[in-house]
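Taking it in order: structure first as structure tokens, then the write-up.
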Amino acid sequence: MVRYVGLETMKQLVAAVGVEPLLVGLTAAIEADFARWEAFEKAPRPASHSPHGVIELMPTTDGTHYAFKYVNGHPANAALGKLTVTGLGVLADVATGYPLLISEMTLLTALRTAATSALAARHLARRDARVMALIGLGAQSEFQALAFRALLGIEHLRVYDVDPAATRKFVRNLRGRGLTIVEAATAQEAVAGADIVTTATADKRHASVLPPEALRPGMHINAIGGDCPGKTELHPDVLRAASIFVEFEPQTRIEGDIQLLAPDHPVTELWRVVAGAAPGRRDDREITLFDSVGFAVEDFAALRFIEAQVAAIGVTVLDLVPDLAEPRDLFGLLDGGAAPPLGQPMVTTSLPAAWRAAKAAIALPPSASG
Ligand code: NAD
């Protein structure tokens, strides 16, 4: 039985649970899996680059479950009226190899990315942080804002996007949620007075969305948009000024903003802070930076979380895996017992017209077609 969670089911789940409670639950699920990081199989994700963007596969397993996400990153998609990031995920049972769940992961990636950002900030931002600057107000942005409200109590936002339409959309979507939103004319203006800075821009180049002179002691930077070779958001001096935390170092060295630094520049994997194996923020003047690229364990945790949420409600089940009385009789699934001799039509009369046309279009080799 393969459960299917499409956009409609995900929307219903978010509506039923509430986006902020869902983000809190998701953060707890990710935190629990980060705390047992060493149980997971890990490798940098295989990425297929093209002039248009990147398509990536993100697999991992804890020995009991296996999960992977298909995800893309196409910054130029906005000009085509399409999303920059879309995804879908599969959760499977290691003991049998059977898939258990197939889920949309466009909404779920935005939710899990925001949850991971908030998780990092809970360990790295100053406890008295009250104001967040948000640079880049695209698809991820509202989720980021709500995760920081739900998990850190951030209610004051200072926001900036190069595209005023993105700012209007952001303000419209978050109206009536009790957030104070100040629209800034520049990134530097947005960052002035902020305790936390989230950068969520999409641009396939080495950008510098946060000027080094805007840094202040004690800031926490949550940088999610630099996540691909040749696609970074932060000036190297911003990176050098900060204590840097990453998800999985071998992958972030390739994809994160730290690709701009020497390969031995010190970084700390976030799971070590979560597990109590490394300190997070050391004092109120330290600048901390979460160089987020997104790692498979977050998607694994998100898929397991969603599986648990939908287990109790009847979601669509896909007929992807045969349920056979005699598992070796896969051929029997085709009603092969009633099959006519080679070359004779098989139940043609009951085929709908479209299928008959498709059958006629299949060019069989002479030996098979008789
Ligand atoms: P999006 O295309 O919907 O939004 C990006 C926004 O950034 C746009 O509104 C654009 O106008 C704005 N922007 C571009 N350059 C800017 C600049 N210099 N200053 C201010 N604003 C600027 O993309 P999205 O889905 O919101 O994703 C944002 C980024 O996060 C992407 O780079 C994506 O690859 C990345 N991402 C990372 C993770 C992760 O786990 N770290 C997960 C999902 C997405």
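Residues in the structure tokens are named by chain (A, B, ... in the order shown) and by number from 1 within that chain; ligands are numbered from 1 in the order shown.
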When the cut-off is 8 Å and you count only C-alpha atoms and all ligand atoms, which residues lie near ligand 1, shown as number ranges by chain?
A: 73-78, 83-85, 109-110, 112-113, 116, 135-141, 160-163, 165-167, 187, 199-203, 207-209, 223-228, 231, 233, 291-295
Residues near A:Phe245, cut-off 8 Å, only C-alpha atoms, skip fewer than 6 positions along chain, as JSON, numbers by chain:
{"A": [267, 268, 269, 270, 288, 289, 290, 291]}
7 Å contact set for A:Thr61, only C-alpha atoms, chain neighbours under 3 positions out, as a PDB file with C-alpha atoms, in the first residue's frame:
```pdb
ATOM      1  CA  PHE A  40      22.076   7.894   8.870  1.00  0.00           C
ATOM      2  CA  GLU A  41      23.823   6.977   5.635  1.00  0.00           C
ATOM      3  CA  HIS A  65      13.399   3.533   6.478  1.00  0.00           C
ATOM      4  CA  TYR A  66      14.844   4.807   3.231  1.00  0.00           C
ATOM      5  CA  ALA A  67      13.897   8.154   1.673  1.00  0.00           C
TER       6      ALA A  67
END
```
Counting only C-alpha atoms, the option among A:Pro99, A:Gly276, A:Pro236, A:Pro212 closest to A:Tyr4
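Residue with the minimum atom-to-atom distance to A:Tyr4: A:Pro99.
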Residue with smallest distance to A:Pro229 - pool A:Ala150, A:Ala114, A:Ala47, A:Ala145, counting only C-alpha atoms
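Checking each of A:Ala150, A:Ala114, A:Ala47, A:Ala145 against A:Pro229, counting only C-alpha atoms, the winner is A:Ala47.
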Taking only C-alpha atoms into account, name the residue in A:Thr316, A:Thr60, A:Ser243, A:Ser48 that is nearest to A:Ser103.
A:Thr316
Taking the chain letters and numbering used in this document, name the residues of stretch 133-299 of chain A that DSSP puts in strand (DSSP E or B), as a VMD selection string.
chain A and resid 133 to 135 156 to 160 180 to 183 196 to 199 206 to 210 220 to 223 228 231 to 234 243 to 246 268 to 269 288 to 291
For N, CA, C and O atoms, I'd like the residues from the last selection saved as a short mmCIF file (atom, residue, chain, number, x, y, z; two decimals), in the first residue's frame.
```
data_model
loop_
_atom_site.label_atom_id
_atom_site.label_comp_id
_atom_site.auth_asym_id
_atom_site.auth_seq_id
_atom_site.Cartn_x
_atom_site.Cartn_y
_atom_site.Cartn_z
N ALA A 133 15.54 40.46 9.76
CA ALA A 133 15.52 40.99 8.39
C ALA A 133 15.39 39.81 7.44
O ALA A 133 16.02 38.77 7.66
N LEU A 134 14.55 39.99 6.44
CA LEU A 134 14.33 38.91 5.46
C LEU A 134 14.62 39.49 4.08
O LEU A 134 13.93 40.42 3.64
N ILE A 135 15.66 38.96 3.42
CA ILE A 135 16.06 39.46 2.10
C ILE A 135 15.76 38.36 1.08
O ILE A 135 16.33 37.26 1.17
N HIS A 156 8.77 40.95 14.63
CA HIS A 156 9.13 42.17 13.89
C HIS A 156 10.02 41.80 12.71
O HIS A 156 11.10 41.25 12.90
N LEU A 157 9.53 42.11 11.53
CA LEU A 157 10.27 41.77 10.31
C LEU A 157 10.62 43.04 9.55
O LEU A 157 9.81 43.98 9.46
N ARG A 158 11.84 43.05 9.02
CA ARG A 158 12.27 44.13 8.13
C ARG A 158 12.62 43.44 6.81
O ARG A 158 13.49 42.57 6.79
N VAL A 159 11.91 43.78 5.73
CA VAL A 159 11.99 42.94 4.54
C VAL A 159 12.44 43.72 3.32
O VAL A 159 12.18 44.93 3.18
N TYR A 160 13.09 42.99 2.41
CA TYR A 160 13.54 43.61 1.15
C TYR A 160 13.60 42.56 0.05
O TYR A 160 14.06 41.44 0.27
N THR A 180 4.66 42.56 12.65
CA THR A 180 4.97 43.92 12.22
C THR A 180 5.95 43.80 11.06
O THR A 180 7.03 43.20 11.23
N ILE A 181 5.59 44.34 9.92
CA ILE A 181 6.46 44.21 8.74
C ILE A 181 6.86 45.60 8.25
O ILE A 181 6.01 46.41 7.90
N VAL A 182 8.16 45.86 8.24
CA VAL A 182 8.69 47.13 7.71
C VAL A 182 9.31 46.84 6.35
O VAL A 182 10.17 45.97 6.24
N GLU A 183 8.83 47.54 5.33
CA GLU A 183 9.37 47.36 3.97
C GLU A 183 10.56 48.30 3.80
O GLU A 183 10.42 49.51 3.96
N ILE A 196 18.50 38.94 13.63
CA ILE A 196 18.63 37.77 12.75
C ILE A 196 18.45 38.26 11.32
O ILE A 196 17.60 39.10 11.05
N VAL A 197 19.28 37.75 10.42
CA VAL A 197 19.14 38.08 9.00
C VAL A 197 18.94 36.78 8.22
O VAL A 197 19.79 35.88 8.29
N THR A 198 17.81 36.67 7.53
CA THR A 198 17.59 35.52 6.66
C THR A 198 17.75 35.98 5.22
O THR A 198 17.11 36.95 4.80
N THR A 199 18.62 35.29 4.48
CA THR A 199 18.76 35.58 3.05
C THR A 199 18.18 34.40 2.28
O THR A 199 18.56 33.25 2.50
N HIS A 206 27.61 34.56 -8.05
CA HIS A 206 28.15 34.90 -6.74
C HIS A 206 27.64 36.28 -6.38
O HIS A 206 28.22 37.30 -6.75
N ALA A 207 26.52 36.32 -5.67
CA ALA A 207 25.90 37.60 -5.30
C ALA A 207 26.45 38.06 -3.94
O ALA A 207 27.16 37.32 -3.25
N SER A 208 26.09 39.28 -3.58
CA SER A 208 26.46 39.81 -2.28
C SER A 208 25.26 40.58 -1.77
O SER A 208 25.20 41.79 -1.88
N VAL A 209 24.26 39.84 -1.26
CA VAL A 209 22.99 40.48 -0.90
C VAL A 209 23.06 41.17 0.46
O VAL A 209 22.20 41.98 0.78
N LEU A 210 24.09 40.81 1.23
CA LEU A 210 24.23 41.39 2.57
C LEU A 210 25.59 42.07 2.65
O LEU A 210 26.60 41.39 2.73
N HIS A 220 22.72 36.81 14.04
CA HIS A 220 22.68 35.44 13.49
C HIS A 220 22.22 35.55 12.05
O HIS A 220 21.21 36.21 11.76
N ILE A 221 22.96 34.92 11.15
CA ILE A 221 22.60 34.95 9.72
C ILE A 221 22.13 33.56 9.32
O ILE A 221 22.82 32.56 9.56
N ASN A 222 20.96 33.54 8.71
CA ASN A 222 20.36 32.29 8.24
C ASN A 222 20.33 32.37 6.72
O ASN A 222 19.44 32.98 6.13
N ALA A 223 21.35 31.80 6.08
CA ALA A 223 21.52 31.97 4.63
C ALA A 223 21.07 30.71 3.91
O ALA A 223 21.74 29.68 3.96
N CYS A 228 24.34 26.00 -4.41
CA CYS A 228 24.72 25.35 -5.65
C CYS A 228 26.10 25.89 -6.07
O CYS A 228 26.38 27.07 -5.82
N LYS A 231 26.53 29.60 -7.12
CA LYS A 231 25.30 30.30 -6.68
C LYS A 231 25.41 30.58 -5.19
O LYS A 231 25.10 29.72 -4.37
N THR A 232 25.91 31.77 -4.87
CA THR A 232 26.11 32.13 -3.46
C THR A 232 25.50 33.51 -3.20
O THR A 232 25.24 34.27 -4.14
N GLU A 233 25.27 33.81 -1.93
CA GLU A 233 24.59 35.07 -1.57
C GLU A 233 25.47 36.03 -0.78
O GLU A 233 25.16 37.22 -0.72
N LEU A 234 26.50 35.50 -0.13
CA LEU A 234 27.20 36.32 0.86
C LEU A 234 28.62 36.67 0.41
O LEU A 234 29.33 35.83 -0.16
N SER A 243 31.08 32.71 12.87
CA SER A 243 31.26 31.28 13.17
C SER A 243 30.23 30.54 12.33
O SER A 243 29.03 30.83 12.42
N ILE A 244 30.72 29.59 11.53
CA ILE A 244 29.86 28.99 10.50
C ILE A 244 29.39 27.60 10.88
O ILE A 244 30.19 26.75 11.30
N PHE A 245 28.09 27.39 10.70
CA PHE A 245 27.46 26.10 10.99
C PHE A 245 26.82 25.58 9.70
O PHE A 245 26.24 26.36 8.94
N VAL A 246 26.96 24.29 9.47
CA VAL A 246 26.48 23.70 8.21
C VAL A 246 25.71 22.41 8.52
O VAL A 246 25.73 21.92 9.66
N THR A 268 31.27 24.04 11.70
CA THR A 268 30.72 23.05 12.64
C THR A 268 29.43 22.50 12.06
O THR A 268 28.58 23.27 11.60
N GLU A 269 29.28 21.17 12.07
CA GLU A 269 28.01 20.59 11.62
C GLU A 269 26.95 20.82 12.70
O GLU A 269 27.19 20.55 13.89
N THR A 288 26.99 34.50 14.28
CA THR A 288 26.82 33.11 13.87
C THR A 288 26.15 33.07 12.50
O THR A 288 25.36 33.95 12.15
N LEU A 289 26.48 32.03 11.74
CA LEU A 289 25.95 31.91 10.38
C LEU A 289 25.58 30.46 10.11
O LEU A 289 26.41 29.56 10.27
N PHE A 290 24.33 30.25 9.72
CA PHE A 290 23.90 28.92 9.27
C PHE A 290 23.92 28.95 7.74
O PHE A 290 23.08 29.60 7.12
N ASP A 291 24.91 28.26 7.17
CA ASP A 291 25.06 28.20 5.70
C ASP A 291 24.25 26.99 5.22
O ASP A 291 24.78 25.90 5.03
#
```
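Once A:Glu31 and its same-chain neighbours fewer than 5 positions away are set aside, A:Leu23, A:Val24, A:Gly25, A:Leu26, A:Arg36, A:Trp37, A:Arg112, A:Ala115, A:Thr116, A:Ser117, A:Ala118, A:Leu119, A:Ala120, A:Arg122, A:His123, A:Leu270, A:Trp271, A:Arg272, A:Val273, A:Val274, A:Ala275, A:Gly276, A:Val297, A:Glu298, A:Phe300, A:Ala301, A:Ala302, A:Phe305 remain within 12 Å of it when counting only C-alpha atoms.
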Include N, CA, C and O atoms and write out the residues we just selected as a compact mmCIF listing (two decimals), in the first residue's frame.
```txt
# COMPACT_ATOMS: atom_id res chain seq x y z
N LEU A 23 4.81 23.56 11.67
CA LEU A 23 6.23 23.91 11.66
C LEU A 23 6.90 23.51 12.98
O LEU A 23 8.05 23.04 12.98
N VAL A 24 6.18 23.66 14.07
CA VAL A 24 6.74 23.27 15.37
C VAL A 24 6.95 21.75 15.41
O VAL A 24 8.01 21.26 15.82
N GLY A 25 5.97 21.00 14.92
CA GLY A 25 6.09 19.54 14.90
C GLY A 25 7.21 19.08 13.99
O GLY A 25 7.98 18.18 14.33
N LEU A 26 7.30 19.73 12.85
CA LEU A 26 8.34 19.38 11.88
C LEU A 26 9.73 19.68 12.45
O LEU A 26 10.67 18.90 12.28
N ARG A 36 20.31 12.05 16.25
CA ARG A 36 20.82 10.68 15.99
C ARG A 36 21.47 10.63 14.61
O ARG A 36 21.34 9.65 13.87
N TRP A 37 22.16 11.69 14.28
CA TRP A 37 22.78 11.91 12.96
C TRP A 37 23.61 10.72 12.49
O TRP A 37 23.61 10.34 11.32
N ARG A 112 9.96 22.32 5.55
CA ARG A 112 11.12 21.72 6.25
C ARG A 112 12.33 22.64 6.24
O ARG A 112 13.14 22.64 7.17
N ALA A 115 11.63 25.06 8.95
CA ALA A 115 11.78 24.38 10.24
C ALA A 115 13.27 24.21 10.59
O ALA A 115 13.69 24.43 11.73
N THR A 116 14.07 23.84 9.58
CA THR A 116 15.51 23.65 9.83
C THR A 116 16.17 24.99 10.17
O THR A 116 17.03 25.07 11.05
N SER A 117 15.76 26.05 9.46
CA SER A 117 16.30 27.38 9.76
C SER A 117 15.99 27.77 11.19
O SER A 117 16.85 28.29 11.92
N ALA A 118 14.74 27.53 11.60
CA ALA A 118 14.34 27.89 12.97
C ALA A 118 15.07 27.03 14.00
O ALA A 118 15.47 27.52 15.06
N LEU A 119 15.27 25.76 13.66
CA LEU A 119 16.01 24.87 14.56
C LEU A 119 17.43 25.41 14.76
O LEU A 119 17.92 25.52 15.90
N ALA A 120 18.09 25.77 13.66
CA ALA A 120 19.45 26.31 13.76
C ALA A 120 19.45 27.59 14.59
O ALA A 120 20.30 27.77 15.47
N ARG A 122 17.40 28.56 16.85
CA ARG A 122 17.15 28.32 18.28
C ARG A 122 18.44 27.97 19.01
O ARG A 122 18.60 28.25 20.19
N HIS A 123 19.37 27.34 18.29
CA HIS A 123 20.64 26.97 18.92
C HIS A 123 21.70 28.05 18.76
O HIS A 123 22.68 28.06 19.49
N LEU A 270 25.79 21.28 12.26
CA LEU A 270 24.73 21.66 13.20
C LEU A 270 24.31 20.52 14.12
O LEU A 270 24.00 20.74 15.28
N TRP A 271 24.32 19.29 13.58
CA TRP A 271 23.86 18.17 14.40
C TRP A 271 24.69 18.06 15.68
O TRP A 271 24.17 17.63 16.72
N ARG A 272 25.97 18.45 15.62
CA ARG A 272 26.83 18.34 16.79
C ARG A 272 26.36 19.30 17.89
O ARG A 272 26.45 18.99 19.08
N VAL A 273 25.86 20.45 17.47
CA VAL A 273 25.32 21.40 18.45
C VAL A 273 24.03 20.84 19.04
O VAL A 273 23.81 20.86 20.26
N VAL A 274 23.17 20.31 18.14
CA VAL A 274 21.89 19.75 18.58
C VAL A 274 22.12 18.59 19.56
O VAL A 274 21.43 18.46 20.58
N ALA A 275 23.13 17.78 19.27
CA ALA A 275 23.40 16.59 20.11
C ALA A 275 24.23 16.93 21.35
O ALA A 275 24.54 16.04 22.15
N GLY A 276 24.64 18.20 21.49
CA GLY A 276 25.42 18.60 22.67
C GLY A 276 26.89 18.26 22.54
O GLY A 276 27.63 18.30 23.52
N VAL A 297 18.67 14.30 5.34
CA VAL A 297 18.10 13.90 6.63
C VAL A 297 16.87 14.76 6.97
O VAL A 297 15.90 14.28 7.58
N GLU A 298 16.88 16.03 6.54
CA GLU A 298 15.71 16.90 6.77
C GLU A 298 14.49 16.38 6.00
O GLU A 298 13.37 16.39 6.51
N PHE A 300 14.06 13.26 4.97
CA PHE A 300 13.71 11.98 5.62
C PHE A 300 12.79 12.27 6.81
O PHE A 300 11.72 11.67 6.94
N ALA A 301 13.22 13.19 7.67
CA ALA A 301 12.42 13.53 8.86
C ALA A 301 11.05 14.08 8.45
O ALA A 301 10.03 13.73 9.05
N ALA A 302 11.04 14.89 7.40
CA ALA A 302 9.78 15.50 6.96
C ALA A 302 8.83 14.44 6.41
O ALA A 302 7.63 14.44 6.72
N PHE A 305 7.48 12.41 9.24
CA PHE A 305 6.51 13.23 9.98
C PHE A 305 5.17 13.24 9.25
O PHE A 305 4.11 13.04 9.84
```
Which parts of stretch 216-245 of chain A does DSSP call helix (DSSP H, G or I) when run on the backbone here, written out as number ranges by chain?
A: 236-240
Deliver the residues from the most recent selection as a file, using N, CA, C and O atoms, as a short mmCIF file (atom, residue, chain, number, x, y, z; two decimals), in the first residue's frame.
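Written file, part26.cif:
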```cif
data_model
loop_
_atom_site.label_atom_id
_atom_site.label_comp_id
_atom_site.auth_asym_id
_atom_site.auth_seq_id
_atom_site.Cartn_x
_atom_site.Cartn_y
_atom_site.Cartn_z
N PRO A 236 32.51 37.13 0.81
CA PRO A 236 33.44 36.33 1.63
C PRO A 236 33.77 36.98 2.98
O PRO A 236 33.99 36.27 3.97
N ASP A 237 33.77 38.32 3.03
CA ASP A 237 34.07 38.98 4.31
C ASP A 237 32.96 38.75 5.34
O ASP A 237 33.23 38.76 6.55
N VAL A 238 31.72 38.58 4.88
CA VAL A 238 30.62 38.24 5.80
C VAL A 238 30.89 36.85 6.38
O VAL A 238 30.75 36.62 7.58
N LEU A 239 31.31 35.94 5.51
CA LEU A 239 31.59 34.57 5.97
C LEU A 239 32.75 34.57 6.96
O LEU A 239 32.69 33.89 8.00
N ARG A 240 33.78 35.35 6.64
CA ARG A 240 34.98 35.34 7.50
C ARG A 240 34.70 35.93 8.87
O ARG A 240 35.38 35.62 9.84
#
```
Shell around A:Ile287 at 6 Å using only C-alpha atoms, local window under 2 positions removed, as an mmCIF file with all heavy atoms, in the first residue's frame:
```cif
data_model
loop_
_atom_site.group_PDB
_atom_site.id
_atom_site.type_symbol
_atom_site.label_atom_id
_atom_site.label_comp_id
_atom_site.auth_asym_id
_atom_site.auth_seq_id
_atom_site.Cartn_x
_atom_site.Cartn_y
_atom_site.Cartn_z
ATOM 1 N N PRO A 217 27.723 43.086 15.804
ATOM 2 C CA PRO A 217 28.042 42.012 16.762
ATOM 3 C C PRO A 217 26.761 41.345 17.263
ATOM 4 O O PRO A 217 25.745 42.010 17.475
ATOM 5 C CB PRO A 217 28.742 42.762 17.913
ATOM 6 C CG PRO A 217 29.230 44.039 17.308
ATOM 7 C CD PRO A 217 28.265 44.395 16.211
ATOM 8 N N GLY A 218 26.815 40.048 17.397
ATOM 9 C CA GLY A 218 25.684 39.312 17.976
ATOM 10 C C GLY A 218 24.645 38.868 16.966
ATOM 11 O O GLY A 218 23.677 38.181 17.324
ATOM 12 N N MET A 219 24.827 39.238 15.690
ATOM 13 C CA MET A 219 23.839 38.842 14.675
ATOM 14 C C MET A 219 23.869 37.335 14.436
ATOM 15 O O MET A 219 24.920 36.703 14.559
ATOM 16 C CB MET A 219 24.186 39.496 13.328
ATOM 17 C CG MET A 219 23.389 40.718 13.016
ATOM 18 S SD MET A 219 23.873 41.285 11.355
ATOM 19 C CE MET A 219 22.872 42.772 11.298
ATOM 20 N N HIS A 220 22.724 36.805 14.044
ATOM 21 C CA HIS A 220 22.681 35.441 13.492
ATOM 22 C C HIS A 220 22.221 35.550 12.047
ATOM 23 O O HIS A 220 21.209 36.206 11.764
ATOM 24 C CB HIS A 220 21.733 34.537 14.282
ATOM 25 C CG HIS A 220 21.532 33.205 13.622
ATOM 26 N ND1 HIS A 220 22.548 32.286 13.498
ATOM 27 C CD2 HIS A 220 20.449 32.647 13.012
ATOM 28 C CE1 HIS A 220 22.098 31.212 12.850
ATOM 29 N NE2 HIS A 220 20.829 31.411 12.535
ATOM 30 N N ALA A 242 32.122 35.418 10.643
ATOM 31 C CA ALA A 242 31.152 34.628 11.407
ATOM 32 C C ALA A 242 31.697 33.265 11.816
ATOM 33 O O ALA A 242 32.615 32.730 11.196
ATOM 34 C CB ALA A 242 29.898 34.422 10.558
#
```
So how many Å separate atom CA of A:Asp283 and atom CA of A:Ala190, to one decimal?
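According to the coordinates, atom CA of A:Asp283 and atom CA of A:Ala190 are separated by 24.1 Å.
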For A:Gly178, the nearest of the candidates A:Ala125, A:Val191, A:Leu146, A:Val90, counting only C-alpha atoms:
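Comparing A:Ala125, A:Val191, A:Leu146, A:Val90 against A:Gly178, the winner is A:Leu146.
Across the structure, atom CA of A:Pro21 and atom CA of A:Tyr70 are spaced 26.0 Å apart.
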